[in-house]
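These notes are about the structure you will find just below.
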Amino acid sequence: MNKTIRRASVFCLLLVLALLGRATWVQAYQARALADDDHNRRNTIAQYAQPLGNIIVAGSPVTGSKRTEGGDLAYKRTYEDGDLYAAVTGYSSQAYGSTQLEGIYDEVLDGTDTRLQNPLDALTGKRSAPGDVVTTIDPQVQKAASEALGDDKGAAVAIDPRSGQILGMVSSPSYDPSDISGTTDGDTWQKLLDDPDKPLVNRAMRQPLAPGSTFKLVVASAALENGLYDSVDEPTKSPVPYTLPGTSTVLKNESATAPCENATLRVALQYSCNNVFGKVAADLGQDKVRAMAEKFGFNTEKLDVPVRASKSVYPSTMDKAQTALSGIGQFEVTATPLQMAMVSAALANDGELAAPHMVSEVTDAKSGTLEDFEDGDTKRIVSSSTAEQLRSAMVTVVEEGTGTNARIDGAEVGGKTGTAENGVDNSNTPYAWFTSYAKDDSNGQEVAVAVIVEDSGSAASEVSGNGLAAPIARKMMKAALQR
């Protein structure tokens, strides 16, 4: 063999070895990555090759699957009362992917979760029958929230304080996930994306905004827990007018005639006295207020219920004037309705916060349990004494103060209103907040609720937590107490 042929042979052999090596690398190390690639059409074909498992509310599915006509995707997702449950289910779209419970549990719902496989399926690679996701949502609470919010832009959350079960979660405006579940829904999808009211955003847990005076419950908790005041009925050292430290800016109260000068924490909550809570926050200092806020859940990066909530923020590196403003839920303080419901839930549950969750169980096709989410996983937030005192003060708010629209005959109801500034110099419509709890001793039912109304179409001068948000909370609490 001459030199040229020998070199060519060696070169060809090297090429063959390189191809074999590359093929081995792909099969051994890259197969899974390629199989899971979002651009792999076969995954979508396989996902919708059979009916999907369901998301269950009160024993009945709120999702389904429909046989398609033509194309390579055999089934598509359908929804019962899609607008009502969109903030819970999210969407499963052949074109745009999956979100919320649909996204988190996509492998259970499409049958690819390895926990669904029997030994034969594992050997043959056969796709298993899909499983279901069982939620904690109460349909009556959900309907009450949706009907009460109506066309208002806002959100509402209801939690059982003892168990942490999320009983209702509504975001308005909503959308019907059925309208975007196929491959030919581009116009509807674009309309949703272009809508300035952002119906695809779950406002209940994914849009933190200034909580306004509802945050005063956190500040009051910090004042009692740190010994700044021993009782909600001890007079505070809160002058009127109160000038923000280091400035000439006076922190005004909503009512100039309210008895806010040196008011007790009870009276300050009853009349929502800004001077008291601005002064309390400044006296405590930002570190102590932040520590209390973080115990309630603020600044938590990974609050999963199991859908991940956006972080509610209590800021750092503030000066004293900014700390005072933070005491009334302004400056850079933000919170989701979920977070403010957690504040009321902890106070209602004797100072312990039960981990909020909206899934109780994940099952296989034969109703066998894959995951079981136990209720009552609690942690101590404030002492029993602090919780009892603040519940008493919250009852005063509802019975004699700014939250009278939340009263329910025959039930103990406590709450806190809030009207939060929106925009530079409050140039936009303020946010109306209400956070509350209710207990019915006759049947033992309890609930904690938070509501935000971002925009109801009302003039700014007519916006109040009692006028807009408290009636919504009342309807939700009433439905929850009737479980």
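Simple scheme: letters A, B, ... for chains in structure tokens order, numbers from 1 for residues in each chain, numbers from 1 for ligands in the order shown.
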Practice task
Can you pull out every residue within 12 Å of region 319-324 of chain A, counting only C-alpha atoms, but drop anything in the same chain fewer than 4 positions away, and send it as a VMD selection string?
Solution key: chain A and resid 216 219 242 to 251 274 to 290 314 to 315 328 to 333
Exercise for the section: Fewer than 3 positions away in the same chain doesn't count, so skip those; otherwise give me all residues within 12 Å of Thr184 (chain A), counting only C-alpha atoms, as a list in words. Expected result: Thr68, Gly71, Lys76, Ser93, Gln94, Ala95, Tyr96, Ser178, Asp179, Ile180, Ser181, Asp187, Thr188, Trp189 and Gln190 of chain A
Completion exercise
Closest of A:Gly467, A:Gly368, A:Gly212, A:Gly351 to Asn405 (chain A), counting only C-alpha atoms, is A:Gly467
Problem - Long-range neighbours of region 292-295 of chain A as number ranges by chain, 9 Å cut-off, only C-alpha atoms, 5 positions minimum in chain - result: A: 215, 218-219, 221-222, 225, 287, 300, 313-314, 380-382
Write the selection just made, keeping N, CA and C atoms, as a PDB file, in the first residue's frame?
ATOM      1  N   PHE A 215     -50.830  47.439  56.449  1.00  0.00           N
ATOM      2  CA  PHE A 215     -49.508  47.109  56.989  1.00  0.00           C
ATOM      3  C   PHE A 215     -49.378  47.534  58.446  1.00  0.00           C
ATOM      4  N   VAL A 218     -48.807  44.860  60.975  1.00  0.00           N
ATOM      5  CA  VAL A 218     -47.438  44.380  61.144  1.00  0.00           C
ATOM      6  C   VAL A 218     -46.677  45.292  62.102  1.00  0.00           C
ATOM      7  N   VAL A 219     -46.870  46.604  61.939  1.00  0.00           N
ATOM      8  CA  VAL A 219     -46.182  47.567  62.802  1.00  0.00           C
ATOM      9  C   VAL A 219     -46.674  47.444  64.245  1.00  0.00           C
ATOM     10  N   SER A 221     -47.835  44.756  65.594  1.00  0.00           N
ATOM     11  CA  SER A 221     -47.240  43.516  66.100  1.00  0.00           C
ATOM     12  C   SER A 221     -45.815  43.755  66.577  1.00  0.00           C
ATOM     13  N   ALA A 222     -45.048  44.517  65.790  1.00  0.00           N
ATOM     14  CA  ALA A 222     -43.666  44.814  66.170  1.00  0.00           C
ATOM     15  C   ALA A 222     -43.607  45.645  67.444  1.00  0.00           C
ATOM     16  N   GLU A 225     -44.477  43.172  70.366  1.00  0.00           N
ATOM     17  CA  GLU A 225     -43.485  42.122  70.528  1.00  0.00           C
ATOM     18  C   GLU A 225     -42.149  42.661  71.025  1.00  0.00           C
ATOM     19  N   ASP A 287     -34.980  48.091  61.364  1.00  0.00           N
ATOM     20  CA  ASP A 287     -34.547  46.710  61.560  1.00  0.00           C
ATOM     21  C   ASP A 287     -35.599  45.891  62.306  1.00  0.00           C
ATOM     22  N   THR A 300     -39.587  37.119  51.439  1.00  0.00           N
ATOM     23  CA  THR A 300     -39.365  35.700  51.170  1.00  0.00           C
ATOM     24  C   THR A 300     -39.236  35.486  49.663  1.00  0.00           C
ATOM     25  N   VAL A 313     -42.297  43.042  49.704  1.00  0.00           N
ATOM     26  CA  VAL A 313     -41.035  43.690  50.086  1.00  0.00           C
ATOM     27  C   VAL A 313     -41.215  44.664  51.241  1.00  0.00           C
ATOM     28  N   TYR A 314     -40.359  44.503  52.266  1.00  0.00           N
ATOM     29  CA  TYR A 314     -40.116  45.564  53.230  1.00  0.00           C
ATOM     30  C   TYR A 314     -38.681  46.009  52.997  1.00  0.00           C
ATOM     31  N   ARG A 380     -44.505  29.924  64.753  1.00  0.00           N
ATOM     32  CA  ARG A 380     -44.913  31.003  65.639  1.00  0.00           C
ATOM     33  C   ARG A 380     -44.443  32.343  65.062  1.00  0.00           C
ATOM     34  N   ILE A 381     -45.368  33.290  64.895  1.00  0.00           N
ATOM     35  CA  ILE A 381     -45.038  34.620  64.370  1.00  0.00           C
ATOM     36  C   ILE A 381     -45.013  35.640  65.496  1.00  0.00           C
ATOM     37  N   VAL A 382     -46.087  35.672  66.289  1.00  0.00           N
ATOM     38  CA  VAL A 382     -46.160  36.552  67.456  1.00  0.00           C
ATOM     39  C   VAL A 382     -46.699  35.725  68.622  1.00  0.00           C
TER      40      VAL A 382
END
Exercise for the section: Return as an MDAnalysis selection string the full set of residues in region 301-470 of chain A whose backbone-based DSSP assignment is alpha helix (DSSP H). Expected result: chainID A and resid 320:326 337:348 384:400 470
Practice task
Identify, on the basis of only C-alpha atoms, every residue whose closest approach to Gln482 (chain A) does not exceed 12 Å; exclude the query and any residue fewer than 2 positions from it along the same chain; express the result as a list of chain:residue names.
Solution key: A:Asp138, A:Pro139, A:Gln140, A:Val141, A:Ala144, A:Ile408, A:Gly410, A:Ala411, A:Ala438, A:Lys439, A:Asp440, A:Asp441, A:Ser442, A:Asn443, A:Gly444, A:Gln445, A:Glu446, A:Val447, A:Lys475, A:Met476, A:Met477, A:Lys478, A:Ala479, A:Ala480
Problem - Test item: residues at most 12 Å from Ala355 (chain A), only C-alpha atoms, excluding those fewer than 3 positions along its chain, as an MDAnalysis selection string - result: chainID A and resid 159:166 296:297 303:306 338:339 341:343 345:346 349 352 358:359 373:381
Problem - Nearest to Gly90 (chain A) by atom-to-atom distance, counting only C-alpha atoms, from A:Tyr431, A:Tyr175, A:Tyr75, A:Tyr437 - result: A:Tyr175
Practice task
Using DSSP on the backbone coordinates, identify all residues within region 253-446 of chain A classified as strand (DSSP E); present the result as number ranges by chain.
Solution key: A: 303-304, 308-309, 352-354, 359-363, 369-372, 378-380, 412-420, 431-440, 445-446
Grab the residues selected above and save them as a CSV table (one decimal), in the first residue's frame with N, CA and C atoms.
chain,number,residue,atom,x,y,z
A,303,LEU,N,-41.8,31.7,48.2
A,303,LEU,CA,-43.1,31.4,48.8
A,303,LEU,C,-43.9,30.6,47.8
A,304,ASP,N,-43.9,29.3,47.9
A,304,ASP,CA,-44.6,28.4,47.0
A,304,ASP,C,-45.8,27.8,47.6
A,308,ARG,N,-45.4,29.7,42.8
A,308,ARG,CA,-44.5,30.7,43.5
A,308,ARG,C,-45.1,32.1,43.5
A,309,ALA,N,-45.2,32.7,44.6
A,309,ALA,CA,-45.7,34.0,44.8
A,309,ALA,C,-44.6,35.0,44.6
A,352,GLU,N,-49.9,31.9,65.2
A,352,GLU,CA,-49.1,30.9,64.5
A,352,GLU,C,-49.6,31.0,63.0
A,353,LEU,N,-48.6,30.9,62.1
A,353,LEU,CA,-49.0,31.0,60.7
A,353,LEU,C,-48.9,29.6,60.1
A,354,ALA,N,-50.0,29.0,59.6
A,354,ALA,CA,-50.0,27.7,59.0
A,354,ALA,C,-49.6,28.0,57.5
A,359,VAL,N,-53.0,23.0,47.1
A,359,VAL,CA,-53.1,21.6,46.7
A,359,VAL,C,-53.1,20.8,47.9
A,360,SER,N,-54.1,19.9,48.0
A,360,SER,CA,-54.1,18.9,49.1
A,360,SER,C,-53.5,17.6,48.8
A,361,GLU,N,-53.6,17.2,47.5
A,361,GLU,CA,-53.2,15.9,47.2
A,361,GLU,C,-52.9,15.8,45.6
A,362,VAL,N,-51.9,15.0,45.3
A,362,VAL,CA,-51.7,14.6,43.9
A,362,VAL,C,-51.9,13.1,43.8
A,363,THR,N,-52.7,12.7,42.8
A,363,THR,CA,-53.0,11.3,42.8
A,363,THR,C,-52.7,10.7,41.4
A,369,THR,N,-52.3,7.9,46.2
A,369,THR,CA,-51.6,9.2,46.5
A,369,THR,C,-50.2,9.2,46.1
A,370,LEU,N,-49.8,10.2,45.3
A,370,LEU,CA,-48.4,10.5,44.9
A,370,LEU,C,-47.8,11.5,45.9
A,371,GLU,N,-48.5,12.5,46.2
A,371,GLU,CA,-48.1,13.5,47.1
A,371,GLU,C,-49.3,13.9,48.0
A,372,ASP,N,-49.0,14.1,49.3
A,372,ASP,CA,-50.0,14.5,50.3
A,372,ASP,C,-49.5,15.7,51.0
A,378,THR,N,-47.2,24.8,60.9
A,378,THR,CA,-47.2,26.1,61.4
A,378,THR,C,-45.9,26.6,62.0
A,379,LYS,N,-45.7,27.9,62.1
A,379,LYS,CA,-44.6,28.5,62.8
A,379,LYS,C,-45.1,29.7,63.6
A,380,ARG,N,-44.5,29.9,64.8
A,380,ARG,CA,-44.9,31.0,65.6
A,380,ARG,C,-44.4,32.3,65.1
A,412,GLU,N,-67.7,36.6,64.8
A,412,GLU,CA,-66.6,37.5,65.2
A,412,GLU,C,-65.8,37.9,64.0
A,413,VAL,N,-65.8,39.2,63.7
A,413,VAL,CA,-65.1,39.6,62.5
A,413,VAL,C,-64.1,40.8,62.9
A,414,GLY,N,-62.9,40.6,62.5
A,414,GLY,CA,-61.9,41.6,62.7
A,414,GLY,C,-61.2,42.0,61.4
A,415,GLY,N,-60.8,43.3,61.3
A,415,GLY,CA,-60.2,43.6,60.0
A,415,GLY,C,-59.4,44.9,60.1
A,416,LYS,N,-58.8,45.2,59.0
A,416,LYS,CA,-58.1,46.5,58.8
A,416,LYS,C,-58.2,47.0,57.4
A,417,THR,N,-58.7,48.2,57.3
A,417,THR,CA,-58.8,48.9,56.0
A,417,THR,C,-57.4,49.5,55.5
A,418,GLY,N,-57.4,49.8,54.3
A,418,GLY,CA,-56.2,50.5,53.8
A,418,GLY,C,-56.5,51.2,52.5
A,419,THR,N,-56.0,52.4,52.3
A,419,THR,CA,-56.1,53.1,51.1
A,419,THR,C,-54.7,53.6,50.7
A,420,ALA,N,-54.1,52.9,49.7
A,420,ALA,CA,-52.7,53.2,49.4
A,420,ALA,C,-52.5,54.1,48.2
A,431,TYR,N,-55.3,52.6,45.7
A,431,TYR,CA,-55.7,51.2,45.9
A,431,TYR,C,-56.5,51.1,47.2
A,432,ALA,N,-57.6,50.3,47.1
A,432,ALA,CA,-58.4,50.1,48.3
A,432,ALA,C,-58.1,48.7,48.8
A,433,TRP,N,-57.8,48.5,50.1
A,433,TRP,CA,-57.4,47.3,50.6
A,433,TRP,C,-58.3,46.9,51.8
A,434,PHE,N,-58.5,45.6,52.1
A,434,PHE,CA,-59.1,45.2,53.3
A,434,PHE,C,-58.5,43.8,53.6
A,435,THR,N,-58.0,43.7,54.9
A,435,THR,CA,-57.6,42.3,55.3
A,435,THR,C,-58.3,42.0,56.6
A,436,SER,N,-58.7,40.8,56.8
A,436,SER,CA,-59.6,40.5,57.9
A,436,SER,C,-59.6,39.0,58.2
A,437,TYR,N,-60.3,38.7,59.3
A,437,TYR,CA,-60.6,37.3,59.6
A,437,TYR,C,-62.0,37.2,60.2
A,438,ALA,N,-62.6,36.0,60.2
A,438,ALA,CA,-63.9,35.8,60.7
A,438,ALA,C,-64.0,34.4,61.4
A,439,LYS,N,-64.7,34.3,62.5
A,439,LYS,CA,-64.9,33.1,63.2
A,439,LYS,C,-66.4,32.9,63.6
A,440,ASP,N,-66.9,31.7,63.4
A,440,ASP,CA,-68.2,31.4,63.7
A,440,ASP,C,-68.2,30.3,64.8
A,445,GLN,N,-66.1,27.2,62.1
A,445,GLN,CA,-65.4,27.6,60.9
A,445,GLN,C,-64.7,29.0,61.1
A,446,GLU,N,-63.5,29.1,60.4
A,446,GLU,CA,-62.7,30.3,60.5
A,446,GLU,C,-62.2,30.6,59.1
Exercise for the section: Tell me, in Å to one decimal, how far CA of Val451 (chain A) is from CA of Phe298 (chain A). Expected result: 17.4 Å
What's around Gln207 (chain A) at 7 Å? Count only C-alpha atoms, leave out sequence neighbours fewer than 2 positions away in its own chain, and write the answer as a compact mmCIF listing (two decimals) with N, CA, C and O atoms, in the first residue's frame.
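Written file, out.txt:
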# COMPACT_ATOMS: atom_id res chain seq x y z
N ARG A 203 -53.07 38.57 39.92
CA ARG A 203 -52.88 39.68 40.86
C ARG A 203 -52.89 39.23 42.31
O ARG A 203 -52.36 39.91 43.18
N ALA A 204 -53.50 38.10 42.58
CA ALA A 204 -53.60 37.64 43.97
C ALA A 204 -52.26 37.29 44.57
O ALA A 204 -52.07 37.40 45.79
N MET A 205 -51.29 36.89 43.72
CA MET A 205 -50.01 36.46 44.26
C MET A 205 -48.81 36.86 43.40
O MET A 205 -47.68 36.59 43.78
N LEU A 209 -48.20 45.28 45.53
CA LEU A 209 -48.43 46.72 45.47
C LEU A 209 -48.38 47.29 46.88
O LEU A 209 -48.40 46.55 47.87
N SER A 310 -44.89 36.18 44.06
CA SER A 310 -43.88 37.24 43.99
C SER A 310 -43.54 37.71 45.39
O SER A 310 -44.36 37.64 46.32
N THR A 336 -48.53 41.39 48.29
CA THR A 336 -49.58 40.74 47.52
C THR A 336 -50.79 40.51 48.43
O THR A 336 -50.65 40.47 49.66
Exercise for the section: Name the residues in contact with Thr89 (chain A) at a cut-off of 7 Å, using only C-alpha atoms, excluding same-chain residues fewer than 6 positions from it; report them as a count of residues only. Expected result: 3
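The residue that comes closest to Asp350 (chain A), out of A:Lys252, A:Gly182, A:Gly327, A:Glu388 and on the basis of only C-alpha atoms, is A:Glu388.
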